[in-house]
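Engineer: My file is protein_24.csv. It has CSV, C-alpha atoms and all ligand atoms:
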```
chain,number,residue,atom,x,y,z
A,1,MET,CA,6.2,-25.2,-16.8
A,2,LYS,CA,5.9,-25.9,-20.5
A,3,LYS,CA,8.0,-28.8,-21.7
A,4,ILE,CA,10.6,-28.0,-24.4
A,5,SER,CA,12.2,-30.8,-26.4
A,6,TYR,CA,15.9,-31.0,-26.7
A,7,MET,CA,15.8,-30.0,-30.3
A,8,GLU,CA,13.7,-26.9,-29.5
A,9,LEU,CA,16.1,-26.0,-26.7
A,10,ALA,CA,19.0,-25.9,-29.1
A,11,ASP,CA,17.9,-22.7,-30.8
A,12,PHE,CA,16.0,-21.1,-27.9
A,13,LYS,CA,17.1,-17.6,-27.0
A,14,ALA,CA,16.6,-15.9,-23.7
A,15,GLY,CA,18.2,-12.9,-21.8
A,16,PHE,CA,17.8,-9.8,-19.8
A,17,VAL,CA,17.0,-6.5,-21.6
A,18,ALA,CA,17.5,-3.3,-19.5
A,19,ILE,CA,15.3,-0.3,-20.7
A,20,LEU,CA,17.1,2.9,-19.7
A,21,GLY,CA,16.6,6.6,-20.4
A,22,LYS,CA,15.6,10.0,-18.9
A,23,PRO,CA,12.4,10.4,-17.0
A,24,ASN,CA,9.2,10.5,-19.1
A,25,VAL,CA,10.6,9.3,-22.5
A,26,GLY,CA,8.2,6.4,-22.4
A,27,LYS,CA,10.2,3.5,-21.0
A,28,SER,CA,7.3,2.0,-19.0
A,29,THR,CA,4.8,2.5,-21.9
A,30,LEU,CA,7.3,0.7,-24.1
A,31,MET,CA,7.7,-2.3,-21.8
A,32,ASN,CA,4.0,-2.7,-21.3
A,33,ARG,CA,3.4,-2.6,-25.1
A,34,LEU,CA,6.1,-5.1,-25.7
A,35,ILE,CA,4.8,-7.7,-23.2
A,36,GLY,CA,1.2,-6.9,-24.0
A,37,GLU,CA,0.1,-6.2,-20.4
A,38,LYS,CA,0.1,-3.1,-18.2
A,39,LEU,CA,2.6,-4.2,-15.6
A,40,SER,CA,4.5,-1.0,-15.2
A,41,ILE,CA,2.7,2.1,-14.1
A,42,VAL,CA,2.5,5.1,-16.5
A,43,THR,CA,1.7,8.7,-15.8
A,44,PRO,CA,2.5,12.1,-17.5
A,45,LYS,CA,4.6,13.0,-14.5
A,46,PRO,CA,8.4,12.2,-14.3
A,47,GLN,CA,9.8,9.8,-11.8
A,48,THR,CA,6.8,7.6,-11.6
A,49,THR,CA,8.9,4.4,-11.8
A,50,ARG,CA,11.0,4.0,-8.6
A,51,MET,CA,12.3,0.4,-8.9
A,52,ASN,CA,13.2,-2.1,-11.6
A,53,ILE,CA,10.0,-3.7,-12.9
A,54,LYS,CA,10.5,-7.1,-14.5
A,55,GLY,CA,8.3,-8.2,-17.4
A,56,PHE,CA,8.5,-11.3,-19.7
A,57,LEU,CA,7.9,-11.6,-23.4
A,58,ASN,CA,7.4,-15.3,-24.1
A,59,THR,CA,7.2,-16.9,-27.5
A,60,GLU,CA,7.8,-20.4,-28.8
A,61,LYS,CA,11.5,-19.8,-29.3
A,62,VAL,CA,12.3,-16.7,-27.1
A,63,GLN,CA,12.0,-15.4,-23.6
A,64,ILE,CA,12.9,-11.7,-23.2
A,65,VAL,CA,13.1,-10.6,-19.6
A,66,PHE,CA,12.7,-6.8,-19.7
A,67,LEU,CA,13.7,-4.5,-16.8
A,68,ASP,CA,11.9,-1.2,-16.8
A,69,THR,CA,14.0,1.2,-14.7
A,70,PRO,CA,13.6,4.6,-13.0
A,71,GLY,CA,14.5,7.5,-15.2
A,72,ILE,CA,18.1,8.6,-15.1
A,73,ILE,CA,18.4,11.7,-12.9
A,74,GLU,CA,20.9,13.6,-10.7
A,75,PRO,CA,20.2,12.2,-7.2
A,76,LYS,CA,18.9,14.8,-4.7
A,77,TYR,CA,18.0,12.6,-1.8
A,78,GLU,CA,18.4,9.1,-0.5
A,79,LEU,CA,15.4,7.7,-2.5
A,80,HIS,CA,17.0,9.0,-5.7
A,81,GLU,CA,20.3,7.3,-4.8
A,82,LYS,CA,18.4,4.1,-4.4
A,83,MET,CA,16.6,4.7,-7.8
A,84,MET,CA,19.9,5.2,-9.6
A,85,GLY,CA,21.3,2.1,-7.8
A,86,TYR,CA,18.4,0.1,-9.5
A,87,VAL,CA,19.4,1.6,-12.9
A,88,ASN,CA,23.0,0.4,-12.4
A,89,GLN,CA,21.9,-3.0,-11.2
A,90,SER,CA,19.8,-3.5,-14.4
A,91,LEU,CA,22.8,-2.4,-16.5
A,92,LYS,CA,25.1,-4.9,-14.9
A,93,GLY,CA,22.8,-7.9,-15.4
A,94,ALA,CA,21.7,-7.0,-18.9
A,95,ASP,CA,22.5,-9.0,-22.0
A,96,VAL,CA,21.2,-6.2,-24.2
A,97,VAL,CA,20.7,-2.5,-23.3
A,98,VAL,CA,17.9,-0.4,-24.8
A,99,HIS,CA,18.4,3.4,-24.5
A,100,VAL,CA,15.1,5.2,-25.0
A,101,PHE,CA,15.0,8.9,-26.1
A,102,ASP,CA,12.2,11.2,-27.0
A,103,GLY,CA,12.4,11.4,-30.7
A,104,PHE,CA,12.1,15.1,-30.6
A,105,GLU,CA,14.7,15.6,-28.0
A,106,THR,CA,17.5,17.9,-29.2
A,107,SER,CA,20.9,16.4,-29.6
A,108,PRO,CA,23.4,15.4,-28.3
A,109,TYR,CA,22.2,12.0,-27.2
A,110,PRO,CA,24.8,11.1,-24.6
A,111,LEU,CA,25.9,7.5,-24.3
A,112,LEU,CA,25.5,6.4,-20.7
A,113,GLU,CA,28.6,5.3,-18.9
A,114,GLY,CA,29.3,1.6,-18.9
A,115,GLY,CA,26.3,0.8,-21.0
A,116,GLY,CA,27.2,1.6,-24.6
A,117,LYS,CA,30.6,0.1,-25.0
A,118,THR,CA,30.6,-3.3,-23.3
A,119,LYS,CA,27.2,-4.7,-24.3
A,120,PRO,CA,25.0,-4.8,-27.4
A,121,THR,CA,23.0,-1.6,-27.3
A,122,ILE,CA,19.9,-0.5,-29.1
A,123,CYS,CA,18.8,3.1,-29.4
A,124,VAL,CA,15.0,3.7,-29.5
A,125,LEU,CA,13.7,7.0,-30.6
A,126,ASN,CA,10.2,7.0,-29.1
A,127,LYS,CA,7.2,9.3,-29.6
A,128,SER,CA,7.8,9.2,-33.4
A,129,ASP,CA,4.1,10.2,-33.7
A,130,LEU,CA,5.1,13.7,-32.4
A,131,CYS,CA,8.2,14.1,-34.6
A,132,ASP,CA,9.0,15.4,-38.0
A,133,LYS,CA,9.8,12.4,-40.2
A,134,MET,CA,12.7,14.0,-42.0
A,135,GLU,CA,14.4,15.1,-38.8
A,136,LEU,CA,13.9,11.7,-37.2
A,137,GLU,CA,15.6,10.0,-40.2
A,138,GLU,CA,18.5,12.4,-39.9
A,139,LYS,CA,18.9,11.6,-36.2
A,140,LYS,CA,18.6,7.9,-36.9
A,141,GLY,CA,21.5,8.2,-39.3
A,142,LEU,CA,23.7,10.1,-36.9
A,143,LEU,CA,23.0,7.6,-34.1
A,144,ALA,CA,23.6,4.5,-36.2
A,145,VAL,CA,27.3,4.9,-35.7
A,146,LYS,CA,27.1,4.8,-31.9
A,147,PHE,CA,24.6,2.0,-31.4
A,148,ASP,CA,24.3,-1.5,-32.7
A,149,LYS,CA,20.8,-0.8,-34.0
A,150,VAL,CA,18.5,2.3,-34.0
A,151,PHE,CA,14.7,2.1,-34.2
A,152,CYS,CA,12.1,4.9,-34.4
A,153,VAL,CA,9.0,3.8,-32.7
A,154,SER,CA,5.8,5.0,-31.0
A,155,ALA,CA,5.2,2.9,-27.9
A,156,LEU,CA,1.8,4.6,-27.4
A,157,HIS,CA,0.6,3.9,-30.9
A,158,ASP,CA,2.3,0.6,-31.4
A,159,LYS,CA,4.4,1.7,-34.3
A,160,ASN,CA,7.5,-0.3,-35.4
A,161,LEU,CA,7.5,-2.4,-32.3
A,162,ASP,CA,7.8,-5.7,-34.2
A,163,ASP,CA,11.0,-4.5,-35.8
A,164,LEU,CA,12.4,-3.6,-32.4
A,165,VAL,CA,11.5,-7.0,-31.0
A,166,ASN,CA,13.2,-8.7,-34.0
A,167,GLY,CA,16.3,-6.5,-33.5
A,168,LEU,CA,16.4,-7.5,-29.8
A,169,ILE,CA,16.0,-11.2,-30.6
A,170,SER,CA,18.9,-11.0,-33.0
A,171,LEU,CA,21.2,-9.7,-30.2
A,172,LEU,CA,20.0,-12.1,-27.5
A,173,PRO,CA,22.2,-15.1,-26.5
A,174,TYR,CA,21.1,-18.7,-27.0
A,175,SER,CA,19.9,-20.0,-23.6
A,176,PRO,CA,17.0,-22.0,-22.2
A,177,PRO,CA,14.2,-20.0,-20.7
A,178,LEU,CA,15.2,-18.2,-17.5
A,179,TYR,CA,11.7,-18.1,-15.9
A,180,ASN,CA,8.4,-20.0,-16.1
A,181,GLN,CA,7.2,-19.5,-19.7
A,182,ASP,CA,3.5,-19.1,-18.5
A,183,ASP,CA,4.3,-16.1,-16.3
A,184,LEU,CA,4.4,-12.4,-17.1
A,185,SER,CA,6.7,-11.5,-14.2
A,186,ASP,CA,8.3,-13.1,-11.1
A,187,MET,CA,7.3,-10.1,-8.9
A,188,PRO,CA,4.4,-10.7,-6.5
A,189,MET,CA,0.9,-9.4,-6.9
A,190,ARG,CA,1.3,-7.4,-3.7
A,191,PHE,CA,4.0,-5.4,-5.4
A,192,PHE,CA,1.9,-4.6,-8.4
A,193,ALA,CA,-1.0,-3.6,-6.2
A,194,GLN,CA,1.3,-1.1,-4.4
A,195,GLU,CA,2.4,0.3,-7.8
A,196,ILE,CA,-1.2,0.6,-9.0
A,197,ILE,CA,-2.1,2.6,-5.9
A,198,ARG,CA,1.0,4.8,-6.4
A,199,GLU,CA,-0.1,5.4,-10.0
A,200,LYS,CA,-3.5,6.6,-8.8
A,201,ILE,CA,-1.8,8.9,-6.3
A,202,PHE,CA,0.3,10.4,-9.2
A,203,LEU,CA,-2.8,10.9,-11.2
A,204,THR,CA,-4.9,12.4,-8.4
A,205,TYR,CA,-2.7,14.9,-6.6
A,206,ASN,CA,-0.5,17.8,-7.8
A,207,ASP,CA,2.7,19.2,-6.6
A,208,GLU,CA,4.6,17.4,-3.9
A,209,ILE,CA,2.2,14.6,-2.8
A,210,PRO,CA,3.1,12.1,-5.5
A,211,TYR,CA,6.8,12.4,-4.8
A,212,CYS,CA,6.6,12.3,-1.0
A,213,SER,CA,4.2,9.4,-0.8
A,214,THR,CA,4.8,5.6,-1.0
A,215,VAL,CA,2.5,2.6,-0.5
A,216,VAL,CA,2.9,-0.6,1.5
A,217,VAL,CA,0.4,-3.4,1.3
A,218,GLU,CA,0.0,-4.7,4.9
A,219,LYS,CA,-2.5,-7.4,4.5
A,220,TRP,CA,-4.0,-9.4,1.6
A,221,SER,CA,-6.9,-11.7,2.4
A,222,GLU,CA,-8.2,-14.0,-0.3
A,223,GLU,CA,-11.9,-14.5,0.3
A,224,GLU,CA,-14.1,-16.8,-1.8
A,225,ASN,CA,-14.6,-14.5,-4.8
A,226,ARG,CA,-12.7,-11.3,-3.8
A,227,ASP,CA,-9.4,-10.0,-2.4
A,228,VAL,CA,-9.5,-7.7,0.6
A,229,ILE,CA,-6.4,-5.6,0.7
A,230,GLN,CA,-5.2,-3.3,3.4
A,231,ALA,CA,-2.5,-0.8,2.4
A,232,ASN,CA,-0.8,2.2,4.0
A,233,ILE,CA,-0.1,5.4,2.1
A,234,TRP,CA,3.0,6.9,3.8
A,235,ILE,CA,3.6,10.6,3.6
A,236,GLU,CA,6.2,13.0,5.1
A,237,ARG,CA,4.2,15.6,7.1
A,238,ASP,CA,1.0,15.8,9.2
A,239,SER,CA,0.0,18.8,7.2
A,240,GLN,CA,-0.2,16.6,4.0
A,241,LYS,CA,-2.8,14.3,5.6
A,242,PRO,CA,-5.9,16.5,4.9
A,243,ILE,CA,-4.7,17.0,1.3
A,244,VAL,CA,-4.4,13.3,0.7
A,245,ILE,CA,-7.8,12.5,2.3
A,246,GLY,CA,-9.6,15.5,0.6
A,247,LYS,CA,-12.9,17.0,1.6
A,248,ASN,CA,-15.2,14.3,3.0
A,249,GLY,CA,-12.6,11.8,1.8
A,250,ASP,CA,-13.3,12.5,-1.8
A,251,LYS,CA,-9.7,12.4,-3.0
A,252,ILE,CA,-8.6,9.2,-1.2
A,253,GLY,CA,-12.0,7.7,-2.3
A,254,LYS,CA,-11.0,8.4,-5.9
A,255,VAL,CA,-7.6,6.7,-5.4
A,256,ARG,CA,-9.3,3.7,-3.9
A,257,LYS,CA,-11.9,3.3,-6.6
A,258,HIS,CA,-9.5,3.6,-9.5
A,259,ALA,CA,-6.9,1.3,-7.8
A,260,GLU,CA,-9.6,-1.3,-7.0
A,261,HIS,CA,-10.6,-1.3,-10.7
A,262,ASP,CA,-7.0,-1.8,-12.0
A,263,ILE,CA,-6.0,-4.4,-9.4
A,264,ALA,CA,-9.1,-6.4,-10.4
A,265,LEU,CA,-8.0,-6.2,-14.0
A,266,LEU,CA,-4.7,-7.7,-13.1
A,267,THR,CA,-6.0,-10.5,-10.8
A,268,GLY,CA,-9.2,-11.3,-12.5
A,269,ARG,CA,-11.0,-11.1,-9.1
A,270,LYS,CA,-12.9,-8.3,-7.3
A,271,ALA,CA,-10.6,-6.2,-5.2
A,272,VAL,CA,-11.7,-4.4,-2.0
A,273,LEU,CA,-9.2,-1.8,-0.8
A,274,ASN,CA,-8.8,-0.3,2.7
A,275,LEU,CA,-6.4,2.7,2.6
A,276,TRP,CA,-4.8,4.2,5.6
A,277,VAL,CA,-2.7,7.5,5.5
A,278,LYS,CA,0.3,7.5,7.8
A,279,VAL,CA,3.2,9.9,8.4
A,280,LYS,CA,6.9,9.0,8.5
A,281,TYR,CA,8.8,12.3,8.8
A,282,ASP,CA,11.2,12.8,5.8
A,283,TRP,CA,11.1,9.1,4.9
A,284,ARG,CA,12.7,9.8,1.5
A,285,LYS,CA,15.9,10.9,3.2
A,286,LYS,CA,16.1,8.0,5.7
A,287,TYR,CA,17.9,4.8,4.9
A,288,GLY,CA,15.9,2.8,7.5
A,289,ALA,CA,12.5,4.0,6.3
A,290,LEU,CA,13.4,3.3,2.7
A,291,HIS,CA,14.4,-0.2,3.6
A,292,GLU,CA,11.2,-0.7,5.6
A,293,PHE,CA,9.2,0.5,2.6
A,294,GLY,CA,10.8,-2.0,0.2
A,295,TYR,CA,13.5,0.2,-1.5
A,296,ARG,CA,16.4,-2.2,-0.9
B,1,LIG,P1,8.9,6.8,-18.4
B,1,LIG,O1,9.0,7.8,-17.3
B,1,LIG,O2,10.1,6.8,-19.4
B,1,LIG,O3,8.6,5.4,-17.9
B,1,LIG,O4,7.6,7.2,-19.3
B,1,LIG,P2,6.1,6.7,-19.3
B,1,LIG,O5,6.0,5.4,-20.0
B,1,LIG,O6,5.6,6.8,-17.9
B,1,LIG,O7,5.4,7.8,-20.2
B,1,LIG,C1,5.5,9.2,-20.0
B,1,LIG,C2,4.4,9.9,-20.8
B,1,LIG,O8,4.7,9.8,-22.2
B,1,LIG,C3,3.0,9.2,-20.6
B,1,LIG,O9,2.1,10.3,-20.6
B,1,LIG,C4,2.9,8.4,-21.9
B,1,LIG,O10,1.5,8.2,-22.3
B,1,LIG,C5,3.6,9.2,-22.9
B,1,LIG,N1,4.1,8.4,-24.1
B,1,LIG,C6,4.8,7.3,-24.0
B,1,LIG,N2,5.1,6.8,-25.2
B,1,LIG,C7,4.6,7.7,-26.1
B,1,LIG,C8,4.5,7.7,-27.6
B,1,LIG,O11,5.0,6.9,-28.3
B,1,LIG,N3,3.9,8.8,-28.1
B,1,LIG,C9,3.3,9.8,-27.3
B,1,LIG,N4,2.7,10.8,-27.9
B,1,LIG,N5,3.4,9.8,-26.0
B,1,LIG,C10,4.0,8.7,-25.4
B,2,MG,MG,8.5,4.7,-16.0
```
Can you present the structure in this file as structure tokens?
Structural biologist:
Amino acid sequence: MKKISYMELADFKAGFVAILGKPNVGKSTLMNRLIGEKLSIVTPKPQTTRMNIKGFLNTEKVQIVFLDTPGIIEPKYELHEKMMGYVNQSLKGADVVVHVFDGFETSPYPLLEGGGKTKPTICVLNKSDLCDKMELEEKKGLLAVKFDKVFCVSALHDKNLDDLVNGLISLLPYSPPLYNQDDLSDMPMRFFAQEIIREKIFLTYNDEIPYCSTVVVEKWSEEENRDVIQANIWIERDSQKPIVIGKNGDKIGKVRKHAEHDIALLTGRKAVLNLWVKVKYDWRKKYGALHEFGYR
């Protein structure tokens, strides 16, 4: 861990920033851009993020601990309940709350319960690249009375993110760093590998498969210059197995190839992935299965 002198510590700022909002507004894209690394998986489909993903932005004088959260939805089954539990957890622990909206979303922009009143809260109007400038300015004006600060940004095109970071820093408490300043996250590589495989599932299959599947890394062997990783893809029905595997294994082969590529980007080592497809009937509705698959 980097040594910080007493004098430097005196004006060091650090804290937790929860990123909240509806599915698909760009929360994960935003966190990845802010920390400068793709930690949180991103797809065009809603409900890609299922847990809180922690990512650190470290500078000489600041450590921002971001929590990217699942999109806020009306829970329909046990997994959704868990997902909303993670959202509430992030809200409780946050020093600053960031509410992300699609800039082009039609008003009203509801304030989420418990978030807006008790903590410094920033409103981010994202996807400004897709919005009419005048309309955006108008919305910004209306929202300025409800939030401590409002920023119009494009996470995808890196627009106005510096202003957002400065706004965040101004609201953070003075504190020594909360985590190792050389790290990007305190979550294990095994977790990020699972997430990467899930992202490839979201990008490879249509309809139900992305939503009724989850991934568990069973074994991770570090060999001399490569990692050999065994992971299970859990689905809900036997009938889904041939869809996941595809004709002559072409679909699952695609998932494996793309996931191996992205895992290697993150670890800096070659990744060899063995994927197994397994069935746990209705796992999304079962407390025990959710626990077993890491949704705790
Ligand atoms: P989340 O569900 O809120 O985490 O949203 P994601 O980060 O997964 O993004 C959802 C989709 O919106 C993806 O296809 C992103 O590429 C896209 N997206 C995110 N930010 C922007 C942006 O600033 N502009 C545009 N045009 N698209 C964006
Ligand atoms: Mg997300």
Engineer: Counting all atoms listed in the file, what residues are within 6 Å of ligand MG 2 (chain B), given as a compact mmCIF listing (two decimals) with C-alpha atoms, in the coordinates of the input?
Structural biologist:
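Output file selection_33.txt is given in full below:
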```txt
# COMPACT_ATOMS: atom_id res chain seq x y z
CA LYS A 27 10.20 3.50 -21.00
CA SER A 28 7.30 2.00 -19.00
CA THR A 48 6.80 7.60 -11.60
CA THR A 49 8.90 4.40 -11.80
CA PRO A 70 13.60 4.60 -13.00
```
Engineer: I'd like to know which of A:Gly15, A:Gly85, A:Pro75, A:Gly103 is closest to ligand LIG 1 (chain B), using only C-alpha atoms and all ligand atoms.
Structural biologist: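 Checking each of A:Gly15, A:Gly85, A:Pro75, A:Gly103 against ligand LIG 1 (chain B), counting only C-alpha atoms and all ligand atoms, the winner is A:Gly103.
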Engineer: Using only C-alpha atoms and all ligand atoms, which residue out of A:Leu290, A:Ile41, A:Ile64, A:Val279 lies closest to ligand LIG 1 (chain B)?
Structural biologist: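 Using only C-alpha atoms and all ligand atoms, ligand LIG 1 (chain B) sits closest to A:Ile41.
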Engineer: Where does range 58-122 of chain A meet range 126-135 of chain A within 7 Å, residue by residue, with the nearest atom pair and distance in Å to one decimal for each, counting only C-alpha atoms, listed by chain and rising number, as JSON lines?
Structural biologist:
```
{"residue": "A:Val100", "atom": "CA", "partner": "A:Asn126", "partner_atom": "CA", "distance": 6.6}
{"residue": "A:Phe101", "atom": "CA", "partner": "A:Asn126", "partner_atom": "CA", "distance": 6.0}
{"residue": "A:Asp102", "atom": "CA", "partner": "A:Asn126", "partner_atom": "CA", "distance": 5.1}
{"residue": "A:Gly103", "atom": "CA", "partner": "A:Asn126", "partner_atom": "CA", "distance": 5.2}
{"residue": "A:Phe104", "atom": "CA", "partner": "A:Cys131", "partner_atom": "CA", "distance": 5.7}
```
Engineer: Quick one, how far is atom O11 of ligand LIG 1 (chain B) from CA of Ile72 in chain A?
Structural biologist: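 Distance between the two atoms: 18.7 Å.
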Engineer: Any idea what's packed within 6 Å of Phe66 in chain A, counting only C-alpha atoms, ignoring anything in its chain fewer than 3 positions away? Could you give it as an MDAnalysis selection string?
Structural biologist: chainID A and resid 16:18 54:55
Engineer: Which residues form the shell of 6 Å around ligand LIG 1 (chain B) when you count only C-alpha atoms and all ligand atoms, given as a PyMOL selection string?
Structural biologist: chain A and resi 23-29+42-44+46-47+71+126-127+129-130+154-157
Engineer: Find the distance between CA of Glu223 in chain A and CA of Asn274 in chain A and write it in Å to one decimal.
Structural biologist: 14.7 Å
